[in-house]
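**Student:** Provided herewith: work.txt, compact mmCIF, C-alpha atoms.
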# COMPACT_ATOMS: atom_id res chain seq x y z
CA MET F 22 -18.17 -2.79 -0.28
CA ALA F 23 -19.16 0.84 0.27
CA GLU F 24 -19.97 3.11 -2.66
CA THR F 25 -17.47 5.92 -3.17
CA GLU F 26 -17.16 9.18 -5.08
CA SER F 27 -16.38 8.72 -8.78
CA ALA F 28 -12.84 9.93 -8.06
CA VAL F 29 -12.20 6.60 -6.35
CA LEU F 30 -13.46 3.52 -8.14
CA ALA F 31 -13.72 0.05 -6.62
CA GLU F 32 -14.56 -3.29 -8.20
CA LEU F 33 -14.55 -6.72 -6.58
CA SER F 34 -14.26 -9.69 -8.93
CA GLY F 35 -12.99 -13.18 -8.29
CA GLY F 36 -11.59 -12.25 -4.90
CA VAL F 37 -9.66 -9.31 -6.34
CA LEU F 38 -10.59 -5.83 -5.14
CA THR F 39 -9.30 -3.26 -7.64
CA ILE F 40 -9.17 0.29 -6.28
CA SER F 41 -8.53 3.00 -8.86
CA ILE F 42 -7.80 6.66 -8.22
CA ASN F 43 -9.72 8.43 -10.96
CA ARG F 44 -8.69 12.10 -11.20
CA PRO F 45 -6.42 11.98 -14.25
CA ALA F 46 -7.01 15.64 -15.14
CA ASN F 47 -5.62 16.57 -11.71
CA GLY F 48 -2.67 14.19 -11.72
CA ASN F 49 -4.72 11.91 -9.44
CA ALA F 50 -4.06 14.28 -6.56
CA VAL F 51 -6.03 13.14 -3.53
CA ARG F 52 -8.56 15.42 -1.88
CA PRO F 53 -9.78 14.76 1.68
CA VAL F 54 -12.95 13.12 0.35
CA ASP F 55 -10.86 10.81 -1.87
CA ARG F 56 -8.50 10.01 0.98
CA ASP F 57 -11.41 9.07 3.24
CA ALA F 58 -12.92 6.88 0.51
CA LEU F 59 -9.59 5.03 0.14
CA ILE F 60 -9.30 4.54 3.90
CA THR F 61 -12.81 3.09 4.04
CA LEU F 62 -12.12 0.68 1.18
CA PHE F 63 -8.90 -0.65 2.71
CA ARG F 64 -10.47 -1.03 6.13
CA GLU F 65 -13.44 -2.88 4.65
CA ALA F 66 -11.12 -5.12 2.62
CA ASP F 67 -9.29 -6.00 5.82
CA VAL F 68 -12.37 -7.73 7.26
CA ASP F 69 -14.12 -8.88 4.07
CA HIS F 70 -13.52 -12.60 3.55
CA GLU F 71 -14.46 -12.25 -0.11
CA VAL F 72 -11.38 -10.11 -0.72
CA ARG F 73 -8.24 -12.17 -1.31
CA VAL F 74 -5.97 -9.47 -2.77
CA VAL F 75 -6.16 -5.70 -3.32
CA VAL F 76 -4.83 -3.91 -6.40
CA LEU F 77 -4.17 -0.19 -6.08
CA ARG F 78 -3.85 1.66 -9.37
CA ALA F 79 -4.77 4.93 -11.05
CA ASN F 80 -6.26 6.07 -14.33
CA GLY F 81 -4.34 8.33 -16.67
CA ARG F 82 -0.63 9.09 -16.97
CA GLN F 83 0.20 9.59 -13.30
CA PHE F 84 -0.16 7.24 -10.36
CA CYS F 85 -0.78 9.87 -7.69
CA GLY F 86 0.56 13.40 -7.34
CA GLY F 87 -0.01 13.37 -3.57
CA ALA F 88 -2.44 15.54 -1.67
CA ASP F 89 -4.42 18.15 -3.57
CA VAL F 90 -2.31 21.26 -2.90
CA VAL F 91 -5.05 23.56 -4.21
CA LYS F 92 -7.31 22.35 -1.44
CA LEU F 93 -4.43 22.68 1.04
CA ALA F 94 -3.80 26.31 0.07
CA ASP F 95 -7.50 27.08 0.33
CA GLY F 96 -7.58 25.58 3.80
CA HIS F 97 -4.55 27.61 4.92
CA ALA F 98 -6.24 30.81 3.78
CA LYS F 99 -9.55 30.17 5.56
CA ASN F 100 -8.78 28.19 8.69
CA VAL F 101 -8.19 29.62 12.13
CA LYS F 102 -5.48 27.50 13.71
CA ARG F 103 -6.01 25.96 17.12
CA THR F 104 -3.51 23.97 19.13
CA THR F 105 -3.32 20.29 18.03
CA ASP F 106 -5.98 20.75 15.33
CA GLY F 107 -3.43 20.41 12.56
CA MET F 108 -1.78 17.43 14.20
CA LYS F 109 -5.10 15.64 14.59
CA LYS F 110 -6.05 16.29 10.96
CA ILE F 111 -2.72 14.90 9.74
CA MET F 112 -2.90 11.81 11.97
CA GLY F 113 -6.49 11.16 10.93
CA GLY F 114 -5.81 11.98 7.29
CA ALA F 115 -2.64 11.17 5.34
CA GLN F 116 -1.21 9.02 8.13
CA ALA F 117 -4.45 7.10 8.49
CA LEU F 118 -4.46 6.48 4.73
CA VAL F 119 -0.97 4.98 4.71
CA ALA F 120 -1.76 3.00 7.87
CA SER F 121 -4.88 1.54 6.23
CA VAL F 122 -2.66 0.02 3.53
CA LEU F 123 -0.03 -1.23 5.98
CA ASP F 124 -2.65 -2.68 8.33
CA CYS F 125 -4.82 -4.32 5.67
CA SER F 126 -4.59 -8.06 6.24
CA LYS F 127 -4.85 -8.71 2.50
CA PRO F 128 -1.82 -8.44 0.20
CA VAL F 129 -1.80 -5.09 -1.61
CA VAL F 130 -0.28 -4.77 -5.09
CA ALA F 131 0.43 -1.28 -6.42
CA ALA F 132 0.57 -0.66 -10.17
CA VAL F 133 2.59 2.52 -10.72
CA GLN F 134 2.43 3.76 -14.29
CA GLY F 135 3.80 7.28 -13.85
CA ALA F 136 4.50 9.93 -11.23
CA ALA F 137 4.16 8.92 -7.59
CA ALA F 138 4.85 11.98 -5.49
CA GLY F 139 4.41 12.89 -1.84
CA VAL F 140 1.68 10.85 -0.22
CA GLY F 141 1.20 9.17 -3.60
CA ALA F 142 4.70 7.77 -3.31
CA HIS F 143 4.00 6.69 0.26
CA LEU F 144 0.97 4.73 -0.89
CA ALA F 145 3.28 2.74 -3.14
CA TYR F 146 5.88 2.28 -0.37
CA ALA F 147 3.15 0.96 1.93
CA ALA F 148 1.98 -1.64 -0.60
CA ASP F 149 3.30 -5.18 -0.27
CA LEU F 150 4.31 -5.57 -3.91
CA VAL F 151 4.96 -2.80 -6.43
CA VAL F 152 5.09 -3.10 -10.21
CA ALA F 153 6.23 0.07 -11.99
CA THR F 154 6.63 1.03 -15.62
CA GLU F 155 9.96 2.20 -16.98
CA ASN F 156 8.79 5.82 -17.09
CA ALA F 157 7.44 5.86 -13.54
CA PHE F 158 9.20 7.87 -10.88
CA PHE F 159 8.96 8.62 -7.17
CA ALA F 160 9.50 11.95 -5.42
CA GLU F 161 9.36 13.42 -1.93
CA SER F 162 7.88 16.68 -3.14
CA PHE F 163 7.18 18.24 0.26
CA VAL F 164 10.35 20.32 0.49
CA LYS F 165 9.54 22.05 -2.80
CA ARG F 166 6.34 23.37 -1.22
CA GLY F 167 8.00 24.34 2.03
CA LEU F 168 6.43 21.44 3.88
CA VAL F 169 7.64 18.71 6.21
CA VAL F 170 7.33 15.11 5.01
CA ASP F 171 4.00 13.65 6.10
CA GLY F 172 1.85 10.61 5.39
CA GLY F 173 4.23 8.29 7.20
CA GLY F 174 7.19 9.20 4.99
CA ALA F 175 9.62 9.65 7.87
CA TYR F 176 8.66 6.17 9.06
CA LEU F 177 8.60 4.39 5.72
CA LEU F 178 11.55 5.75 3.76
CA PRO F 179 14.44 5.07 6.19
CA ARG F 180 13.13 1.55 6.67
CA ARG F 181 12.83 0.95 2.95
CA ILE F 182 16.06 2.47 1.62
CA GLY F 183 18.24 3.48 4.59
CA MET F 184 18.72 6.77 6.37
CA GLN F 185 21.19 8.52 4.05
CA LYS F 186 19.23 7.99 0.83
CA ALA F 187 15.98 8.82 2.60
CA LYS F 188 17.40 12.16 3.72
CA GLU F 189 18.67 12.89 0.21
CA MET F 190 15.21 12.29 -1.25
CA ALA F 191 13.49 14.37 1.44
CA PHE F 192 15.97 17.28 1.45
CA PHE F 193 16.07 17.82 -2.32
CA GLY F 194 12.76 16.45 -3.57
CA GLU F 195 14.42 15.09 -6.70
CA ARG F 196 12.89 12.38 -8.82
CA LEU F 197 13.88 8.77 -8.24
CA SER F 198 13.53 6.80 -11.47
CA ALA F 199 11.85 3.41 -11.58
CA ALA F 200 15.22 1.78 -12.30
CA GLU F 201 16.77 3.45 -9.25
CA ALA F 202 13.75 2.46 -7.15
CA LEU F 203 14.25 -1.14 -8.24
CA ASP F 204 17.93 -1.04 -7.24
CA LEU F 205 16.96 0.35 -3.82
CA GLY F 206 14.27 -2.25 -3.28
CA LEU F 207 11.34 0.17 -3.38
CA VAL F 208 9.67 -1.75 -6.21
CA ASN F 209 9.57 -5.42 -7.14
CA LYS F 210 9.48 -5.16 -10.93
CA VAL F 211 10.01 -2.54 -13.62
CA VAL F 212 8.42 -3.28 -16.97
CA PRO F 213 7.56 -1.56 -20.27
CA ALA F 214 4.27 0.33 -20.08
CA ASP F 215 2.45 -2.18 -22.28
CA GLU F 216 3.41 -5.03 -19.94
CA LEU F 217 2.18 -3.47 -16.69
CA ASP F 218 -1.24 -5.11 -16.69
CA ASP F 219 0.19 -8.55 -17.44
CA GLU F 220 2.78 -8.34 -14.67
CA VAL F 221 0.21 -7.16 -12.14
CA ALA F 222 -2.14 -9.92 -13.26
CA ASP F 223 0.61 -12.48 -12.63
CA TYR F 224 1.00 -11.39 -9.02
CA VAL F 225 -2.75 -11.09 -8.52
CA GLY F 226 -3.46 -14.49 -10.03
CA ARG F 227 -1.08 -16.19 -7.65
CA LEU F 228 -2.23 -14.23 -4.60
CA SER F 229 -5.96 -14.66 -5.24
CA GLY F 230 -5.54 -18.43 -4.97
CA ALA F 231 -3.14 -18.33 -2.04
CA PRO F 232 -3.84 -19.00 1.67
CA THR F 233 -4.94 -15.44 2.40
CA SER F 234 -4.94 -15.61 6.20
CA ALA F 235 -1.42 -17.08 6.22
CA ILE F 236 -0.21 -14.24 4.01
CA GLY F 237 -2.00 -11.68 6.18
CA LEU F 238 -0.35 -12.99 9.34
CA THR F 239 3.04 -13.09 7.60
CA LYS F 240 2.53 -9.50 6.41
CA ARG F 241 1.89 -8.41 9.99
CA LEU F 242 4.95 -10.28 11.27
CA PHE F 243 7.20 -8.66 8.69
CA ASN F 244 5.84 -5.15 9.23
CA GLU F 245 6.12 -5.38 13.00
CA SER F 246 9.61 -6.90 12.89
CA LEU F 247 11.03 -3.53 11.81
CA ASP F 248 10.12 -1.98 15.16
CA GLY F 249 10.44 -4.77 17.71
CA ASP F 250 13.12 -6.81 19.45
CA ARG F 251 13.96 -10.43 18.70
CA ALA F 252 12.12 -11.87 21.71
CA SER F 253 8.90 -10.09 20.80
CA ALA F 254 9.26 -11.09 17.14
CA PHE F 255 9.76 -14.75 18.06
CA THR F 256 6.75 -14.74 20.41
CA THR F 257 4.50 -13.08 17.85
CA GLU F 258 5.67 -15.51 15.18
CA ALA F 259 4.80 -18.48 17.38
CA MET F 260 1.36 -17.03 18.09
CA ALA F 261 0.73 -16.49 14.39
CA GLN F 262 1.79 -20.06 13.66
CA GLU F 263 -0.68 -21.38 16.22
CA ILE F 264 -3.51 -19.20 14.92
CA GLN F 265 -2.96 -20.32 11.33
CA SER F 266 -2.77 -23.97 12.36
CA TYR F 267 -6.53 -23.86 12.96
CA ALA F 268 -7.24 -22.52 9.46
CA ALA F 269 -8.92 -24.62 6.80
CA ASP F 270 -6.06 -23.70 4.45
CA SER F 271 -3.52 -25.12 6.86
CA ARG F 272 -5.25 -28.51 6.86
CA GLU F 273 -5.70 -28.36 3.09
CA GLY F 274 -2.08 -27.45 2.47
CA VAL F 275 -0.75 -30.36 4.51
CA ARG F 276 -3.28 -32.79 3.02
CA ALA F 277 -2.42 -31.69 -0.52
CA PHE F 278 1.27 -32.17 0.13
CA VAL F 279 0.74 -35.68 1.46
CA GLU F 280 -1.57 -36.54 -1.44
CA LYS F 281 0.87 -35.02 -3.96
CA ARG F 282 -1.68 -32.67 -5.56
CA PRO F 283 -2.09 -28.90 -5.91
CA ALA F 284 -3.67 -27.28 -2.86
CA GLU F 285 -7.06 -25.60 -3.23
CA PHE F 286 -6.99 -22.73 -0.75
CA VAL F 287 -10.13 -20.88 0.29
CA GLY F 288 -8.39 -17.99 2.03
CA TRP F 289 -9.18 -18.78 5.65
What does this structure look like when you write it as structure tokens?
**Tutor:**
Amino acid sequence: MAETESAVLAELSGGVLTISINRPANGNAVRPVDRDALITLFREADVDHEVRVVVLRANGRQFCGGADVVKLADGHAKNVKRTTDGMKKIMGGAQALVASVLDCSKPVVAAVQGAAAGVGAHLAYAADLVVATENAFFAESFVKRGLVVDGGGAYLLPRRIGMQKAKEMAFFGERLSAAEALDLGLVNKVVPADELDDEVADYVGRLSGAPTSAIGLTKRLFNESLDGDRASAFTTEAMAQEIQSYAADSREGVRAFVEKRPAEFVGW
């Protein structure tokens, strides 16, 4: 795995890649350099056979306060605007970051211990499984800064919680508590703060020993099903089934079932 700035830490152990945003004094707000480091890590994890599961977490009280607004304001003051420059920066920046999580073929578990705002919230929405503490919250903070939702929010939110609630969150920028997020299906579990690590470890332990390629193909099927028609979904599903049938884990899974023993998956 590539080395990154100290604001983004990465550790690979036992098939588990743990990525930690490490700017606690700044609410873990993401600067362009941090964003690019995260994108690189997720893209590398996608093709690294040693990675079986990715954990996204943050150090300190907050999960991620979104983009670093101080840097944004500085850029507004200094930059001369040219047609499509802003669009290209957004598509290659915040949108690329969220896409790197969605497109990663490894299951991504987000551990949200506090505030997840703006693009920080979208990182959690893009993860495959989310464990949040009772004092965590989510917010579409863009409107409070006079900005339009970015980082894939207009794509993710209506698909996760429905159009009306998505508009309410985006129009008012109010906090959504962890309990409310659980009711809406934005998170999988809400736990006391001192149980967060144990709950994340439970998911990670099961995923790190799972048939990784089968999960990756299933992840892609589910994500694409939100945008396609039934015929396309059925065709893609059949193709994924055929691809996985050649995997070592497919043979092992069937053999283990016949032999009435636990399967020992290698991830491919």
**Student:** Between F:Val225, F:Ala153, F:Ala214, F:Leu177, which is the closest to F:Val72 once you count only C-alpha atoms?
**Tutor:** F:Val225
**Student:** As number ranges by chain, please: the residues near stretch 240-250 of chain F (cut-off 12 Å, all atoms listed in the file, same-chain neighbours under 3 positions excluded).
**Tutor:** F: 120, 122-129, 147-150, 176-177, 179-181, 233-237, 253-262
**Student:** Name the closest residue to F:Arg73 among the candidates F:Leu33, F:Ala137, F:Val170, F:Ala46; distances are taken between atoms, counting all atoms listed in the file.
**Tutor:**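 When distances to F:Arg73 are compared using all atoms listed in the file, the smallest one comes from F:Leu33.
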**Student:** So which residues touch F:Gly87 within 8 Å, counting only C-alpha atoms, skipping near sequence neighbours fewer than 6 positions away, as a PyMOL selection string?
**Tutor:** chain F and resi 49-51+137-142
**Student:** Which value, in Å to one decimal, gives the distance between atom CA of F:Asp215 and atom CA of F:Thr154?
**Tutor:**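 So the answer is 8.5 Å.
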**Student:** Kindly indicate which residue among F:Leu38, F:Val152, F:Ala117, F:Ala66 lies nearest to F:Pro53, using all atoms listed in the file for the distances.
**Tutor:**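 Nearest candidate to F:Pro53 out of F:Leu38, F:Val152, F:Ala117, F:Ala66: F:Ala117.
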**Student:** To one decimal in Å, tell me the separation between atom CA of F:Asp223 and atom CA of F:Val287.
**Tutor:**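 Those two atoms sit 18.8 Å apart.
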**Student:** Find the distance between atom CA of F:Ala284 and atom CA of F:Asn209 and write it in Å to one decimal.
**Tutor:**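 Taking atom CA of F:Ala284 and atom CA of F:Asn209, their separation equals 25.9 Å.
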**Student:** Any idea what's packed within 8 Å of F:Arg64, counting all atoms listed in the file, ignoring anything in its chain fewer than 4 positions away? Could you give it as a list in words?
**Tutor:**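 My list of contacting residues is Ile60, Val68, Ser121 and Cys125 of chain F.
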**Student:** Take the residues from that selection and write them out as a compact mmCIF listing (two decimals), in the frame of the given file, keeping C-alpha atoms.
**Tutor:**
# COMPACT_ATOMS: atom_id res chain seq x y z
CA ILE F 60 -9.30 4.54 3.90
CA VAL F 68 -12.37 -7.73 7.26
CA SER F 121 -4.88 1.54 6.23
CA CYS F 125 -4.82 -4.32 5.67
**Student:** Please identify all polymer residues within 12 Å of F:Glu189, counting all atoms listed in the file, omitting same-chain residues fewer than 6 positions from it, and present them as a VMD selection string.
**Tutor:** chain F and resid 160 to 162 164 178 to 179 182 to 183 195 to 197
**Student:** In the coordinates of the file, take the point (-7.2, -6.3, -6.3) and a cut-off of 10 Å; then, counting only C-alpha atoms, name each qualifying protein, DNA or RNA residue as number ranges by chain.
**Tutor:** F: 31-41, 66, 72-78, 127-131, 221-222, 225-226, 228-229
**Student:** Step by step: locate stretch 213-226 of chain F in the block above, keep N, CA and C atoms, then write the file as a PDB file, in the first residue's frame.
**Tutor:**
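Below is the file part32.pdb, written as the result:
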ATOM      1  N   PRO F 213     -23.466   1.929  22.266  1.00  0.00           N
ATOM      2  CA  PRO F 213     -22.757   2.843  23.174  1.00  0.00           C
ATOM      3  C   PRO F 213     -21.320   3.041  22.698  1.00  0.00           C
ATOM      4  N   ALA F 214     -20.750   4.189  23.022  1.00  0.00           N
ATOM      5  CA  ALA F 214     -19.411   4.526  22.536  1.00  0.00           C
ATOM      6  C   ALA F 214     -18.375   3.462  22.889  1.00  0.00           C
ATOM      7  N   ASP F 215     -18.487   2.884  24.077  1.00  0.00           N
ATOM      8  CA  ASP F 215     -17.472   1.914  24.499  1.00  0.00           C
ATOM      9  C   ASP F 215     -17.645   0.545  23.854  1.00  0.00           C
ATOM     10  N   GLU F 216     -18.695   0.387  23.034  1.00  0.00           N
ATOM     11  CA  GLU F 216     -18.905  -0.874  22.337  1.00  0.00           C
ATOM     12  C   GLU F 216     -18.623  -0.786  20.839  1.00  0.00           C
ATOM     13  N   LEU F 217     -18.226   0.405  20.384  1.00  0.00           N
ATOM     14  CA  LEU F 217     -18.024   0.599  18.941  1.00  0.00           C
ATOM     15  C   LEU F 217     -16.975  -0.343  18.380  1.00  0.00           C
ATOM     16  N   ASP F 218     -15.819  -0.420  19.024  1.00  0.00           N
ATOM     17  CA  ASP F 218     -14.734  -1.253  18.509  1.00  0.00           C
ATOM     18  C   ASP F 218     -15.134  -2.727  18.444  1.00  0.00           C
ATOM     19  N   ASP F 219     -15.855  -3.194  19.446  1.00  0.00           N
ATOM     20  CA  ASP F 219     -16.268  -4.596  19.471  1.00  0.00           C
ATOM     21  C   ASP F 219     -17.251  -4.906  18.347  1.00  0.00           C
ATOM     22  N   GLU F 220     -18.184  -4.000  18.104  1.00  0.00           N
ATOM     23  CA  GLU F 220     -19.178  -4.230  17.057  1.00  0.00           C
ATOM     24  C   GLU F 220     -18.532  -4.194  15.677  1.00  0.00           C
ATOM     25  N   VAL F 221     -17.613  -3.261  15.480  1.00  0.00           N
ATOM     26  CA  VAL F 221     -16.896  -3.207  14.208  1.00  0.00           C
ATOM     27  C   VAL F 221     -16.060  -4.470  14.028  1.00  0.00           C
ATOM     28  N   ALA F 222     -15.416  -4.908  15.096  1.00  0.00           N
ATOM     29  CA  ALA F 222     -14.592  -6.113  15.032  1.00  0.00           C
ATOM     30  C   ALA F 222     -15.425  -7.348  14.677  1.00  0.00           C
ATOM     31  N   ASP F 223     -16.682  -7.371  15.124  1.00  0.00           N
ATOM     32  CA  ASP F 223     -17.554  -8.495  14.796  1.00  0.00           C
ATOM     33  C   ASP F 223     -17.795  -8.558  13.291  1.00  0.00           C
ATOM     34  N   TYR F 224     -18.146  -7.428  12.708  1.00  0.00           N
ATOM     35  CA  TYR F 224     -18.342  -7.388  11.256  1.00  0.00           C
ATOM     36  C   TYR F 224     -17.052  -7.755  10.527  1.00  0.00           C
ATOM     37  N   VAL F 225     -15.961  -7.137  10.947  1.00  0.00           N
ATOM     38  CA  VAL F 225     -14.684  -7.325  10.270  1.00  0.00           C
ATOM     39  C   VAL F 225     -14.212  -8.768  10.373  1.00  0.00           C
ATOM     40  N   GLY F 226     -14.405  -9.374  11.530  1.00  0.00           N
ATOM     41  CA  GLY F 226     -13.992 -10.756  11.705  1.00  0.00           C
ATOM     42  C   GLY F 226     -14.710 -11.695  10.761  1.00  0.00           C
TER      43      GLY F 226
END
